[in-house]
>>> print(open('entry_8.csv').read())   # CSV, C-alpha atoms and all ligand atoms
chain,number,residue,atom,x,y,z
Y,1,MET,CA,-30.1,4.0,3.9
Y,2,ILE,CA,-29.0,5.9,0.9
Y,3,PRO,CA,-26.6,8.7,1.8
Y,4,ALA,CA,-27.8,12.3,1.2
Y,5,ALA,CA,-24.8,12.9,-0.9
Y,6,SER,CA,-26.2,10.6,-3.6
Y,7,GLY,CA,-28.4,13.4,-4.9
Y,8,GLY,CA,-25.9,14.2,-7.6
Y,9,GLY,CA,-23.1,15.7,-5.4
Y,10,PRO,CA,-19.7,14.3,-4.8
Y,11,LEU,CA,-19.5,11.1,-2.8
Y,12,ARG,CA,-16.9,9.8,-0.5
Y,13,VAL,CA,-15.9,6.6,-2.2
Y,14,LEU,CA,-13.7,3.8,-0.8
Y,15,VAL,CA,-12.0,1.5,-3.3
Y,16,THR,CA,-10.3,-1.5,-1.6
Y,17,GLY,CA,-7.6,-2.9,-3.9
Y,18,GLY,CA,-7.6,0.6,-5.4
Y,19,ALA,CA,-4.0,0.4,-6.5
Y,20,GLY,CA,-4.6,-2.8,-8.5
Y,21,PHE,CA,-5.3,-3.2,-12.2
Y,22,LEU,CA,-9.1,-2.6,-12.1
Y,23,GLY,CA,-9.0,-0.6,-8.9
Y,24,SER,CA,-6.7,2.1,-10.3
Y,25,HIS,CA,-8.8,2.6,-13.4
Y,26,LEU,CA,-11.9,2.8,-11.2
Y,27,CYS,CA,-10.2,5.4,-8.9
Y,28,GLU,CA,-9.3,7.5,-12.0
Y,29,ARG,CA,-12.9,7.5,-13.3
Y,30,LEU,CA,-14.4,8.3,-9.9
Y,31,LEU,CA,-12.0,11.3,-9.6
Y,32,GLU,CA,-12.9,12.4,-13.1
Y,33,GLN,CA,-16.5,12.5,-11.9
Y,34,GLY,CA,-15.6,14.7,-9.0
Y,35,HIS,CA,-15.8,12.2,-6.2
Y,36,ASP,CA,-13.5,12.0,-3.2
Y,37,VAL,CA,-11.6,8.7,-3.4
Y,38,LEU,CA,-10.0,6.8,-0.6
Y,39,CYS,CA,-7.8,4.0,-2.1
Y,40,VAL,CA,-7.0,1.2,0.4
Y,41,ASP,CA,-4.5,-1.4,-0.6
Y,42,ASN,CA,-1.7,-3.5,1.0
Y,43,PHE,CA,0.2,-3.7,-2.3
Y,44,TYR,CA,0.1,-7.5,-2.3
Y,45,THR,CA,-0.2,-7.7,-6.1
Y,46,SER,CA,0.2,-4.1,-7.2
Y,47,THR,CA,2.7,-1.3,-7.2
Y,48,ARG,CA,2.4,2.4,-6.4
Y,49,ARG,CA,3.2,3.0,-10.1
Y,50,ASN,CA,-0.5,2.4,-10.9
Y,51,ILE,CA,-1.6,5.3,-8.7
Y,52,ILE,CA,1.4,7.7,-8.8
Y,53,PRO,CA,-0.4,10.1,-11.2
Y,54,LEU,CA,-3.4,10.2,-8.8
Y,55,LEU,CA,-1.3,11.0,-5.7
Y,56,GLU,CA,-1.3,14.7,-6.6
Y,57,HIS,CA,-5.0,14.9,-7.0
Y,58,PRO,CA,-6.7,16.9,-4.2
Y,59,ASN,CA,-9.6,14.5,-4.0
Y,60,PHE,CA,-7.4,11.4,-3.8
Y,61,GLU,CA,-6.2,9.7,-0.6
Y,62,LEU,CA,-4.1,6.5,-0.2
Y,63,LYS,CA,-4.1,4.3,2.8
Y,64,ARG,CA,-1.9,1.2,3.1
Y,65,HIS,CA,-4.1,-1.3,4.9
Y,66,ASP,CA,-4.9,-5.0,4.8
Y,67,VAL,CA,-8.7,-5.6,4.4
Y,68,THR,CA,-8.5,-8.7,6.6
Y,69,PHE,CA,-8.3,-6.2,9.5
Y,70,PRO,CA,-11.2,-3.8,10.3
Y,71,LEU,CA,-11.2,-0.3,8.9
Y,72,TYR,CA,-12.9,2.7,10.5
Y,73,VAL,CA,-13.6,5.5,7.9
Y,74,GLU,CA,-16.6,7.5,6.9
Y,75,VAL,CA,-17.8,6.8,3.3
Y,76,ASP,CA,-20.9,6.7,1.1
Y,77,ARG,CA,-19.8,4.0,-1.3
Y,78,ILE,CA,-17.5,1.0,-1.0
Y,79,TYR,CA,-16.1,-0.9,-4.0
Y,80,ASN,CA,-14.6,-4.0,-2.6
Y,81,MET,CA,-12.0,-4.9,-5.2
Y,82,ALA,CA,-9.2,-6.2,-2.9
Y,83,CYS,CA,-8.1,-9.7,-3.7
Y,84,PRO,CA,-5.3,-11.3,-5.7
Y,85,ALA,CA,-6.9,-12.2,-9.0
Y,86,SER,CA,-4.5,-14.3,-11.0
Y,87,PRO,CA,-3.8,-18.0,-10.2
Y,88,ILE,CA,0.0,-17.3,-9.7
Y,89,HIS,CA,-0.8,-14.8,-7.0
Y,90,TYR,CA,-3.8,-16.3,-5.3
Y,91,GLN,CA,-2.1,-19.7,-5.1
Y,92,ARG,CA,1.1,-18.3,-3.6
Y,93,ASP,CA,-0.6,-18.0,-0.2
Y,94,PRO,CA,-4.0,-19.7,-0.5
Y,95,VAL,CA,-4.9,-19.2,3.1
Y,96,GLN,CA,-4.4,-15.5,2.8
Y,97,THR,CA,-6.5,-15.5,-0.4
Y,98,THR,CA,-9.5,-17.0,1.4
Y,99,LYS,CA,-8.9,-14.6,4.3
Y,100,THR,CA,-8.9,-11.6,2.0
Y,101,SER,CA,-12.1,-12.7,0.3
Y,102,VAL,CA,-14.0,-13.8,3.5
Y,103,HIS,CA,-12.6,-11.6,6.3
Y,104,GLY,CA,-12.3,-8.7,3.8
Y,105,ALA,CA,-16.0,-9.1,3.0
Y,106,ILE,CA,-17.0,-9.3,6.6
Y,107,ASN,CA,-14.9,-6.2,7.5
Y,108,MET,CA,-16.2,-4.1,4.5
Y,109,LEU,CA,-19.8,-5.2,5.1
Y,110,GLY,CA,-19.4,-4.2,8.8
Y,111,LEU,CA,-18.2,-0.8,7.6
Y,112,ALA,CA,-21.1,-0.5,5.2
Y,113,LYS,CA,-23.5,-1.4,8.0
Y,114,ARG,CA,-22.0,1.2,10.4
Y,115,THR,CA,-21.8,4.0,7.8
Y,116,GLY,CA,-25.0,3.2,5.7
Y,117,ALA,CA,-22.7,3.1,2.6
Y,118,ARG,CA,-23.7,1.2,-0.5
Y,119,ILE,CA,-21.3,-1.6,-1.1
Y,120,LEU,CA,-20.3,-3.4,-4.3
Y,121,GLN,CA,-18.4,-6.7,-4.4
Y,122,ALA,CA,-16.0,-7.6,-7.2
Y,123,SER,CA,-17.0,-11.2,-7.6
Y,124,THR,CA,-15.9,-13.3,-10.5
Y,125,SER,CA,-16.9,-15.7,-13.2
Y,126,GLU,CA,-14.8,-18.3,-11.3
Y,127,VAL,CA,-17.9,-18.8,-9.1
Y,128,TYR,CA,-19.2,-20.8,-12.0
Y,129,GLY,CA,-16.2,-23.1,-11.8
Y,130,ASP,CA,-15.9,-25.4,-14.9
Y,131,PRO,CA,-19.4,-24.7,-16.1
Y,132,ASP,CA,-21.6,-27.3,-17.8
Y,133,ILE,CA,-23.9,-24.7,-19.3
Y,134,HIS,CA,-22.8,-22.2,-21.8
Y,135,PRO,CA,-23.0,-19.2,-21.8
Y,136,GLN,CA,-23.4,-18.8,-18.0
Y,137,PRO,CA,-26.4,-16.9,-16.8
Y,138,GLU,CA,-26.4,-15.6,-13.2
Y,139,SER,CA,-29.0,-18.2,-12.2
Y,140,TYR,CA,-26.4,-21.0,-12.8
Y,141,TRP,CA,-25.0,-22.3,-9.5
Y,142,GLY,CA,-21.7,-23.4,-10.8
Y,143,ASN,CA,-19.6,-26.5,-10.9
Y,144,VAL,CA,-16.8,-25.8,-8.5
Y,145,ASN,CA,-14.2,-28.1,-6.9
Y,146,PRO,CA,-14.2,-27.2,-3.1
Y,147,ILE,CA,-10.8,-28.8,-2.4
Y,148,GLY,CA,-8.6,-28.0,-5.5
Y,149,ILE,CA,-5.8,-25.6,-5.9
Y,150,ARG,CA,-8.2,-22.9,-7.3
Y,151,SER,CA,-10.7,-23.3,-4.5
Y,152,CYS,CA,-9.1,-20.7,-2.2
Y,153,TYR,CA,-10.1,-18.1,-4.9
Y,154,ASP,CA,-13.4,-19.7,-6.2
Y,155,GLU,CA,-14.8,-20.7,-2.9
Y,156,GLY,CA,-13.6,-17.5,-1.1
Y,157,LYS,CA,-15.5,-15.4,-3.7
Y,158,ARG,CA,-18.5,-17.7,-3.4
Y,159,CYS,CA,-18.5,-17.3,0.4
Y,160,ALA,CA,-18.1,-13.5,0.0
Y,161,GLU,CA,-21.3,-13.5,-2.2
Y,162,THR,CA,-23.1,-15.5,0.5
Y,163,LEU,CA,-22.1,-12.9,3.1
Y,164,PHE,CA,-23.2,-10.0,0.9
Y,165,PHE,CA,-26.7,-11.6,0.4
Y,166,ASP,CA,-27.0,-12.4,4.1
Y,167,TYR,CA,-26.2,-8.8,5.1
Y,168,TRP,CA,-28.8,-7.8,2.6
Y,169,ARG,CA,-31.4,-10.1,3.9
Y,170,GLN,CA,-30.5,-9.7,7.6
Y,171,HIS,CA,-29.4,-6.1,7.8
Y,172,LYS,CA,-31.1,-4.6,4.7
Y,173,LEU,CA,-27.8,-3.4,3.4
Y,174,PRO,CA,-27.8,-1.9,-0.1
Y,175,ILE,CA,-25.5,-4.4,-1.9
Y,176,LYS,CA,-24.3,-4.9,-5.4
Y,177,VAL,CA,-22.6,-8.0,-6.7
Y,178,ALA,CA,-20.7,-8.0,-10.0
Y,179,ARG,CA,-19.5,-11.2,-11.5
Y,180,ILE,CA,-16.5,-10.1,-13.5
Y,181,PHE,CA,-15.3,-12.1,-16.5
Y,182,ASN,CA,-11.7,-11.9,-17.9
Y,183,THR,CA,-10.8,-8.3,-18.2
Y,184,TYR,CA,-7.6,-6.9,-19.8
Y,185,GLY,CA,-5.9,-3.6,-20.5
Y,186,PRO,CA,-3.1,-1.3,-19.5
Y,187,ARG,CA,-1.7,-1.9,-15.9
Y,188,MET,CA,-2.0,-5.6,-15.9
Y,189,LEU,CA,1.1,-7.1,-14.3
Y,190,PRO,CA,3.5,-8.4,-16.9
Y,191,ASN,CA,4.3,-11.6,-15.0
Y,192,ASP,CA,1.1,-12.7,-13.3
Y,193,GLY,CA,0.3,-15.6,-15.7
Y,194,ARG,CA,-2.9,-14.1,-17.1
Y,195,VAL,CA,-3.4,-15.1,-20.6
Y,196,VAL,CA,-3.5,-11.7,-22.3
Y,197,SER,CA,-0.5,-10.2,-20.5
Y,198,ASN,CA,1.4,-13.5,-20.9
Y,199,PHE,CA,0.9,-13.6,-24.6
Y,200,ILE,CA,1.8,-10.0,-25.2
Y,201,VAL,CA,4.9,-10.1,-23.1
Y,202,GLN,CA,6.1,-13.3,-24.8
Y,203,ALA,CA,5.4,-11.9,-28.2
Y,204,LEU,CA,7.2,-8.6,-27.5
Y,205,GLU,CA,10.2,-10.5,-26.2
Y,206,GLY,CA,10.1,-12.8,-29.2
Y,207,ARG,CA,9.8,-15.8,-27.0
Y,208,ASP,CA,7.6,-18.9,-27.7
Y,209,ILE,CA,3.9,-18.3,-26.8
Y,210,THR,CA,2.8,-20.9,-24.4
Y,211,ILE,CA,-0.7,-22.4,-24.7
Y,212,TYR,CA,-1.9,-24.7,-21.9
Y,213,GLY,CA,-3.9,-27.5,-23.5
Y,214,ASP,CA,-4.7,-27.6,-27.2
Y,215,GLY,CA,-5.8,-23.9,-27.3
Y,216,SER,CA,-9.4,-24.8,-28.1
Y,217,GLN,CA,-10.7,-23.6,-24.7
Y,218,THR,CA,-12.5,-20.3,-25.1
Y,219,ARG,CA,-12.5,-17.1,-23.1
Y,220,SER,CA,-14.2,-13.8,-23.4
Y,221,PHE,CA,-12.1,-10.7,-23.0
Y,222,CYS,CA,-13.5,-7.4,-21.8
Y,223,TYR,CA,-11.5,-4.1,-22.1
Y,224,VAL,CA,-11.0,-2.4,-18.7
Y,225,ASP,CA,-12.8,0.9,-19.6
Y,226,ASP,CA,-16.0,-1.1,-20.4
Y,227,LEU,CA,-15.7,-3.0,-17.2
Y,228,VAL,CA,-15.3,0.1,-15.1
Y,229,GLU,CA,-18.3,1.6,-16.7
Y,230,GLY,CA,-20.3,-1.5,-15.9
Y,231,LEU,CA,-19.2,-1.4,-12.2
Y,232,MET,CA,-20.1,2.3,-11.8
Y,233,ARG,CA,-23.5,1.8,-13.5
Y,234,LEU,CA,-24.2,-1.2,-11.2
Y,235,MET,CA,-23.2,0.9,-8.1
Y,236,GLU,CA,-25.6,3.7,-9.0
Y,237,SER,CA,-28.4,1.4,-10.2
Y,238,SER,CA,-31.7,1.5,-8.2
Y,239,GLU,CA,-31.7,-0.2,-4.8
Y,240,GLU,CA,-33.6,-3.3,-5.8
Y,241,VAL,CA,-30.8,-4.2,-8.3
Y,242,THR,CA,-28.5,-6.3,-6.1
Y,243,GLY,CA,-27.1,-8.5,-8.7
Y,244,PRO,CA,-25.3,-10.8,-9.1
Y,245,VAL,CA,-24.8,-9.3,-12.5
Y,246,ASN,CA,-22.4,-10.7,-15.1
Y,247,LEU,CA,-20.0,-8.1,-16.5
Y,248,GLY,CA,-17.9,-9.2,-19.4
Y,249,ASN,CA,-17.6,-9.3,-23.1
Y,250,PRO,CA,-19.6,-12.1,-24.7
Y,251,GLY,CA,-17.4,-12.1,-27.8
Y,252,GLU,CA,-15.8,-15.5,-27.6
Y,253,PHE,CA,-12.3,-16.4,-28.7
Y,254,SER,CA,-10.3,-19.6,-28.4
Y,255,ILE,CA,-7.0,-19.2,-26.6
Y,256,LYS,CA,-5.3,-20.2,-29.9
Y,257,GLN,CA,-7.1,-17.4,-31.8
Y,258,LEU,CA,-6.0,-14.9,-29.1
Y,259,ALA,CA,-2.3,-16.0,-29.5
Y,260,GLU,CA,-2.5,-15.6,-33.2
Y,261,LYS,CA,-4.1,-12.1,-32.9
Y,262,VAL,CA,-1.3,-11.0,-30.5
Y,263,ILE,CA,1.4,-12.3,-32.9
Y,264,GLU,CA,-0.3,-10.4,-35.7
Y,265,LEU,CA,-0.7,-7.1,-33.8
Y,266,THR,CA,2.8,-7.1,-32.3
Y,267,GLY,CA,4.4,-8.3,-35.6
Y,268,SER,CA,6.3,-10.8,-33.5
Y,269,ALA,CA,8.2,-13.8,-34.9
Y,270,SER,CA,7.2,-15.9,-31.8
Y,271,LYS,CA,6.1,-19.5,-32.3
Y,272,ILE,CA,3.1,-21.1,-30.4
Y,273,VAL,CA,4.1,-24.0,-28.1
Y,274,TYR,CA,1.7,-26.3,-26.2
Y,275,LYS,CA,1.9,-27.5,-22.6
Y,276,PRO,CA,-0.4,-29.7,-20.4
Y,277,LEU,CA,-3.6,-28.0,-19.1
Y,278,PRO,CA,-3.4,-27.2,-15.3
Y,279,GLN,CA,-6.0,-28.8,-12.9
Y,280,ASP,CA,-9.5,-27.4,-12.9
Y,281,ASP,CA,-8.9,-25.1,-15.9
Y,282,PRO,CA,-12.3,-24.3,-17.3
Y,283,THR,CA,-12.8,-25.3,-21.0
Y,284,GLN,CA,-15.4,-22.6,-21.9
Y,285,ARG,CA,-16.2,-19.3,-20.4
Y,286,LYS,CA,-18.6,-16.8,-21.8
Y,287,PRO,CA,-20.9,-14.4,-20.0
Y,288,ASP,CA,-24.6,-14.1,-20.6
Y,289,ILE,CA,-25.0,-10.4,-20.1
Y,290,SER,CA,-28.7,-10.0,-20.7
Y,291,GLN,CA,-29.2,-8.9,-17.0
Y,292,ALA,CA,-26.6,-6.1,-17.4
Y,293,LYS,CA,-28.2,-5.0,-20.7
Y,294,GLU,CA,-31.7,-4.9,-19.2
Y,295,LYS,CA,-30.9,-3.6,-15.7
Y,296,LEU,CA,-27.9,-1.3,-16.3
Y,297,GLY,CA,-28.3,-0.5,-20.0
Y,298,TRP,CA,-24.7,-1.7,-20.3
Y,299,GLU,CA,-22.8,-3.7,-22.9
Y,300,PRO,CA,-19.1,-3.6,-23.8
Y,301,LYS,CA,-18.1,-1.4,-26.7
Y,302,VAL,CA,-14.4,-2.0,-27.1
Y,303,VAL,CA,-13.6,-4.8,-29.5
Y,304,LEU,CA,-10.4,-6.9,-29.1
Y,305,GLU,CA,-8.9,-5.2,-32.2
Y,306,GLU,CA,-9.2,-1.9,-30.4
Y,307,GLY,CA,-8.3,-2.9,-26.9
Y,308,LEU,CA,-5.3,-5.1,-27.7
Y,309,PRO,CA,-3.2,-2.4,-29.3
Y,310,LYS,CA,-3.7,-0.1,-26.3
Y,311,THR,CA,-2.6,-2.9,-24.0
Y,312,ILE,CA,0.4,-3.8,-26.3
Y,313,SER,CA,1.5,-0.1,-26.2
Y,314,PHE,CA,1.4,-0.2,-22.4
Y,315,PHE,CA,3.6,-3.3,-22.2
Y,316,LYS,CA,6.0,-1.9,-24.8
Y,317,ALA,CA,6.5,1.3,-22.7
Y,318,LEU,CA,7.0,-0.9,-19.6
N,401,LIG,N1,-9.1,-8.7,-13.9
N,401,LIG,C1,-10.0,-9.6,-14.0
N,401,LIG,O1,-10.1,-10.2,-15.1
N,401,LIG,C2,-10.9,-10.0,-12.9
N,401,LIG,C3,-11.9,-11.0,-13.2
N,401,LIG,C4,-12.8,-11.4,-12.2
N,401,LIG,C5,-12.7,-10.8,-11.0
N,401,LIG,N2,-11.8,-9.8,-10.7
N,401,LIG,C6,-11.8,-9.3,-9.4
N,401,LIG,O2,-11.6,-7.9,-9.4
N,401,LIG,C7,-10.8,-7.4,-8.4
N,401,LIG,C8,-9.6,-6.7,-8.9
N,401,LIG,O3,-8.8,-7.5,-9.7
N,401,LIG,P1,-7.5,-7.0,-10.5
N,401,LIG,O4,-7.5,-7.7,-11.8
N,401,LIG,O5,-7.5,-5.5,-10.5
N,401,LIG,O6,-6.4,-7.6,-9.6
N,401,LIG,P2,-5.1,-6.9,-8.9
N,401,LIG,O7,-4.3,-8.0,-8.3
N,401,LIG,O8,-4.4,-6.0,-9.9
N,401,LIG,O9,-5.8,-6.0,-7.8
N,401,LIG,C9,-6.1,-6.5,-6.6
N,401,LIG,C10,-5.6,-5.4,-5.6
N,401,LIG,O10,-6.0,-5.9,-4.3
N,401,LIG,C11,-4.9,-5.7,-3.4
N,401,LIG,N3,-5.0,-6.6,-2.3
N,401,LIG,C12,-4.9,-7.9,-2.3
N,401,LIG,N4,-5.1,-8.4,-1.0
N,401,LIG,C13,-5.3,-7.4,-0.2
N,401,LIG,C14,-5.6,-7.2,1.1
N,401,LIG,N5,-5.7,-8.3,2.0
N,401,LIG,N6,-5.8,-6.0,1.6
N,401,LIG,C15,-5.8,-4.9,0.8
N,401,LIG,N7,-5.5,-5.0,-0.5
N,401,LIG,C16,-5.3,-6.2,-1.0
N,401,LIG,C17,-3.7,-5.9,-4.3
N,401,LIG,O11,-2.5,-5.4,-3.7
N,401,LIG,C18,-4.1,-5.3,-5.6
N,401,LIG,O12,-3.8,-3.9,-5.6
N,401,LIG,C19,-10.4,-8.7,-7.6
N,401,LIG,O13,-11.2,-8.8,-6.5
N,401,LIG,C20,-10.6,-9.8,-8.6
N,401,LIG,O14,-10.9,-11.0,-7.9
N,401,LIG,C21,-10.9,-9.5,-11.7
>>> encode(input="entry_8.csv", output="C-alpha cells", more="lines below")
Ligand SMILES: NC(=O)c1ccc[n+]([C@@H]2O[C@H](COP(=O)([O-])OP(=O)(O)OC[C@H]3O[C@@H](n4cnc5c(N)ncnc54)[C@H](O)[C@@H]3O)[C@@H](O)[C@H]2O)c1
Amino acid sequence: MIPAASGGGPLRVLVTGGAGFLGSHLCERLLEQGHDVLCVDNFYTSTRRNIIPLLEHPNFELKRHDVTFPLYVEVDRIYNMACPASPIHYQRDPVQTTKTSVHGAINMLGLAKRTGARILQASTSEVYGDPDIHPQPESYWGNVNPIGIRSCYDEGKRCAETLFFDYWRQHKLPIKVARIFNTYGPRMLPNDGRVVSNFIVQALEGRDITIYGDGSQTRSFCYVDDLVEGLMRLMESSEEVTGPVNLGNPGEFSIKQLAEKVIELTGSASKIVYKPLPQDDPTQRKPDISQAKEKLGWEPKVVLEEGLPKTISFFKAL
C-alpha cells in the first residue's frame, strides 16, 4: 500500500542510522524537501555532532534506539541505514553486527508491514565479496567467504537482502534495495580505517600513508551528495522497481592513485608505505550502474577532484 501522503505532500520518514555519515546527509536532504524526519540511532559508530545542526529544525526528531529491538512508530518511508560500515567497527563486535543487519531488517520490515510504509535497505557492494567478474552487475551472485572475519558484515547484509525479498514476495511489501559502493565525504569518522578518511588524516598529520598490499587493488569512490540523490530517487521510483540497484561511481582508481591524489591535494610531505593485505580484501571493485541509469535516471556527477577537496576541508576543520 502506498501512503496517501506520497501524492507530493510531506512524508513521515524514518532514517535508521540517521546520525551516521550517510544517514545524517540523508536526513538533511529530506528536511530540505519539507519532510518530517525521525532519526533513530544508538550512536554505536556516530556522534551527535553529525546531527546537532538538525536538532533545532521543527521537522526533525531524534530517538536513541537500537534497531535490534522492535520499534513502534507511524511512518510512510523507512530508510534502513543502521549498521556499522567499516571493518574496524563491524569486526569489533561481529555478533552484534550480524544482529544489527538481520534483527534490524526483521524489525524494520515488521514495522513497514504494520504501517504500509515503503522501505529501503542500505545494502552494500560487499555482497559481491571478492568478485570474479568485473564490473559487478546486480545479477552477479558474489564470491563471499561465509566464515571469515568480514562475514558478519557481508553475510549479514546478504541475509537482510533475502529478508527484504521474502517480505516482498510473501507480504507484498514495497521494498527497495540499494547496493552501495564506497562512498566518501564530510562526516566520515577520522579513525575508522576507511581508505579515503585514512589517507586524508595521515596526509594532514604528515604521517606515512599506509597502503595494504601493493596498492594495485582498485576501488570506485562516490561522493556522498551523489549517493544520497541515488537513494532518494530509488525510494521514490515506481513500485515495480525493487532493486537491487548498484549505486556508486564507476570511475575506477587504484589505491595507490588515490594516495598520490590525496598527497597532491593536501600538499603533504607524507610518504607511502606498504603493509600486508588483510584476509578477504577484494582486489577489484567497480559498480555496473546501467540499472540505476535506466531505472532511476541517476549517475554520479561529482568527480574525485571536486569531492576530495570538500572532504579534506572537513577533516582540516576537525
Ligand atoms: N559509506 C559507505 O561507503 C557504505 C558502503 C556500502 C554500504 N553502506 C551502508 O550504508 C549504511 C550507512 O553507512 P555509513 O557509512 O553512514 O556508516 P556509519 O557507521 O557512519 O553509520 C551507521 C549508523 O548506524 C548506527 N547504528 C549501528 N548499529 C545500530 C543499531 N543496532 N541500532 C541503531 N543504530 C545503529 C551507527 O551509530 C551509525 O550512526 C550502512 O548500513 C552501511 O552498511 C555504506
>>> residues_near_point(input="entry_8.csv", point="(-25.2, -1.7, 3.2)", cutoff="7 Å", atoms="all atoms listed in the file", output="ChimeraX atom specification")
/Y:109,112-113,116-119,172-175
>>> closest_residue(input="entry_8.csv", among="Y:Arg150, Y:Lys256, Y:Lys157, Y:Arg207", to="ligand LIG 401 (chain N)", atoms="all atoms listed in the file")
Y:Lys157
>>> closest_residue(input="entry_8.csv", among="Y:Val302, Y:Leu62, Y:Val241, Y:Leu296", to="Phe43 in chain Y", atoms="all atoms listed in the file")
Y:Leu62
>>> closest_atom_pairs(input="entry_8.csv", of="chain Y", to="ligand LIG 401 (chain N)", cutoff="7 Å", atoms="all atoms listed in the file", output="CSV")
residue,atom,partner,partner_atom,distance
Y:Thr16,CA,N:LIG401,N7,6.0
Y:Gly17,CA,N:LIG401,O10,3.4
Y:Gly18,CA,N:LIG401,O12,5.9
Y:Ala19,CA,N:LIG401,O12,4.4
Y:Gly20,CA,N:LIG401,O12,3.2
Y:Phe21,CA,N:LIG401,O5,3.6
Y:Leu22,CA,N:LIG401,O5,3.7
Y:Gly23,CA,N:LIG401,O5,5.4
Y:Val40,CA,N:LIG401,C15,6.2
Y:Asp41,CA,N:LIG401,N7,3.7
Y:Asn42,CA,N:LIG401,C15,4.3
Y:Phe43,CA,N:LIG401,O11,3.5
Y:Tyr44,CA,N:LIG401,O11,3.6
Y:Thr45,CA,N:LIG401,O11,4.0
Y:Ser46,CA,N:LIG401,O12,4.3
Y:His65,CA,N:LIG401,C15,5.7
Y:Asp66,CA,N:LIG401,N6,3.5
Y:Val67,CA,N:LIG401,N6,4.1
Y:Thr68,CA,N:LIG401,N5,5.4
Y:Met81,CA,N:LIG401,O13,4.2
Y:Ala82,CA,N:LIG401,O10,3.5
Y:Cys83,CA,N:LIG401,C12,3.9
Y:Pro84,CA,N:LIG401,O7,4.3
Y:Ala85,CA,N:LIG401,O14,4.3
Y:Ser86,CA,N:LIG401,O7,6.9
Y:Thr100,CA,N:LIG401,N5,4.6
Y:Gly104,CA,N:LIG401,N5,6.9
Y:Ala122,CA,N:LIG401,O2,4.9
Y:Ser123,CA,N:LIG401,C5,5.5
Y:Thr124,CA,N:LIG401,C4,4.0
Y:Ser125,CA,N:LIG401,C4,6.0
Y:Arg179,CA,N:LIG401,C4,6.7
Y:Ile180,CA,N:LIG401,C4,4.1
Y:Phe181,CA,N:LIG401,C3,4.9
Y:Asn182,CA,N:LIG401,O1,3.6
Y:Thr183,CA,N:LIG401,O1,3.7
Y:Tyr184,CA,N:LIG401,O1,6.3
Y:Met188,CA,N:LIG401,O8,6.5
>>> closest_residue(input="entry_8.csv", among="Y:Pro87, Y:Gly148, Y:Gly110, Y:Pro276", to="Gly213 in chain Y", atoms="all atoms listed in the file")
Y:Pro276
>>> closest_residue(input="entry_8.csv", among="Y:Pro300, Y:Pro58, Y:Gly215, Y:Pro137", to="Leu231 in chain Y", atoms="all atoms listed in the file")
Y:Pro300
>>> atom_distance(input="entry_8.csv", atom1="CA of Glu126 in chain Y", atom2="CA of Tyr79 in chain Y")
18.9 Å
>>> atom_distance(input="entry_8.csv", atom1="CA of Glu56 in chain Y", atom2="CA of Glu28 in chain Y")
12.0 Å
>>> closest_residue(input="entry_8.csv", among="Y:Ser101, Y:Thr162, Y:Thr311, Y:Gln121", to="Val262 in chain Y", atoms="all atoms listed in the file")
Y:Thr311
>>> atom_distance(input="entry_8.csv", atom1="CA of Arg77 in chain Y", atom2="CA of Arg233 in chain Y")
12.9 Å
>>> closest_residue(input="entry_8.csv", among="Y:Val273, Y:Leu189, Y:Leu120, Y:Val73", to="Asp214 in chain Y", atoms="all atoms listed in the file")
Y:Val273
>>> residues_near_point(input="entry_8.csv", point="(-27.8, -17.7, -18.6)", cutoff="10 Å", atoms="all atoms listed in the file", output="list in words")
Ile133, His134, Pro135, Gln136, Pro137, Glu138, Ser139, Tyr140, Asn246, Lys286, Pro287, Asp288, Ile289, Ser290 and Gln291 of chain Y
>>> write_last_selection(input="entry_8.csv", atoms="C-alpha atoms", output="PDB file, keeping the file's coordinate frame")
ATOM      1  CA  ILE Y 133     -23.900 -24.700 -19.300  1.00  0.00           C
ATOM      2  CA  HIS Y 134     -22.800 -22.200 -21.800  1.00  0.00           C
ATOM      3  CA  PRO Y 135     -23.000 -19.200 -21.800  1.00  0.00           C
ATOM      4  CA  GLN Y 136     -23.400 -18.800 -18.000  1.00  0.00           C
ATOM      5  CA  PRO Y 137     -26.400 -16.900 -16.800  1.00  0.00           C
ATOM      6  CA  GLU Y 138     -26.400 -15.600 -13.200  1.00  0.00           C
ATOM      7  CA  SER Y 139     -29.000 -18.200 -12.200  1.00  0.00           C
ATOM      8  CA  TYR Y 140     -26.400 -21.000 -12.800  1.00  0.00           C
ATOM      9  CA  ASN Y 246     -22.400 -10.700 -15.100  1.00  0.00           C
ATOM     10  CA  LYS Y 286     -18.600 -16.800 -21.800  1.00  0.00           C
ATOM     11  CA  PRO Y 287     -20.900 -14.400 -20.000  1.00  0.00           C
ATOM     12  CA  ASP Y 288     -24.600 -14.100 -20.600  1.00  0.00           C
ATOM     13  CA  ILE Y 289     -25.000 -10.400 -20.100  1.00  0.00           C
ATOM     14  CA  SER Y 290     -28.700 -10.000 -20.700  1.00  0.00           C
ATOM     15  CA  GLN Y 291     -29.200  -8.900 -17.000  1.00  0.00           C
TER      16      GLN Y 291
END
>>> residues_around(input="entry_8.csv", residues="Phe315 in chain Y", least_positions_apart="2", cutoff="10 Å", atoms="all atoms listed in the file", output="list in words")
Gly185, Pro186, Arg187, Met188, Leu189, Pro190, Ser197, Ile200, Val201, Leu204, Pro309, Lys310, Thr311, Ile312, Ser313, Ala317 and Leu318 of chain Y
>>> residues_around(input="entry_8.csv", residues="Ser216 in chain Y", least_positions_apart="6", cutoff="12 Å", atoms="only C-alpha atoms", output="PyMOL selection string")
chain Y and resi 252-259+274+277+282-285
>>> residues_around(input="entry_8.csv", residues="Lys295 in chain Y", least_positions_apart="4", cutoff="12 Å", atoms="all atoms listed in the file", output="PyMOL selection string")
chain Y and resi 230+233-247+289-291+299
>>> residues_around(input="entry_8.csv", residues="Gly156 in chain Y", least_positions_apart="2", cutoff="6 Å", atoms="only C-alpha atoms", output="list in words")
Thr98, Ser101, Val102, Cys152, Tyr153, Asp154, Arg158 and Cys159 of chain Y
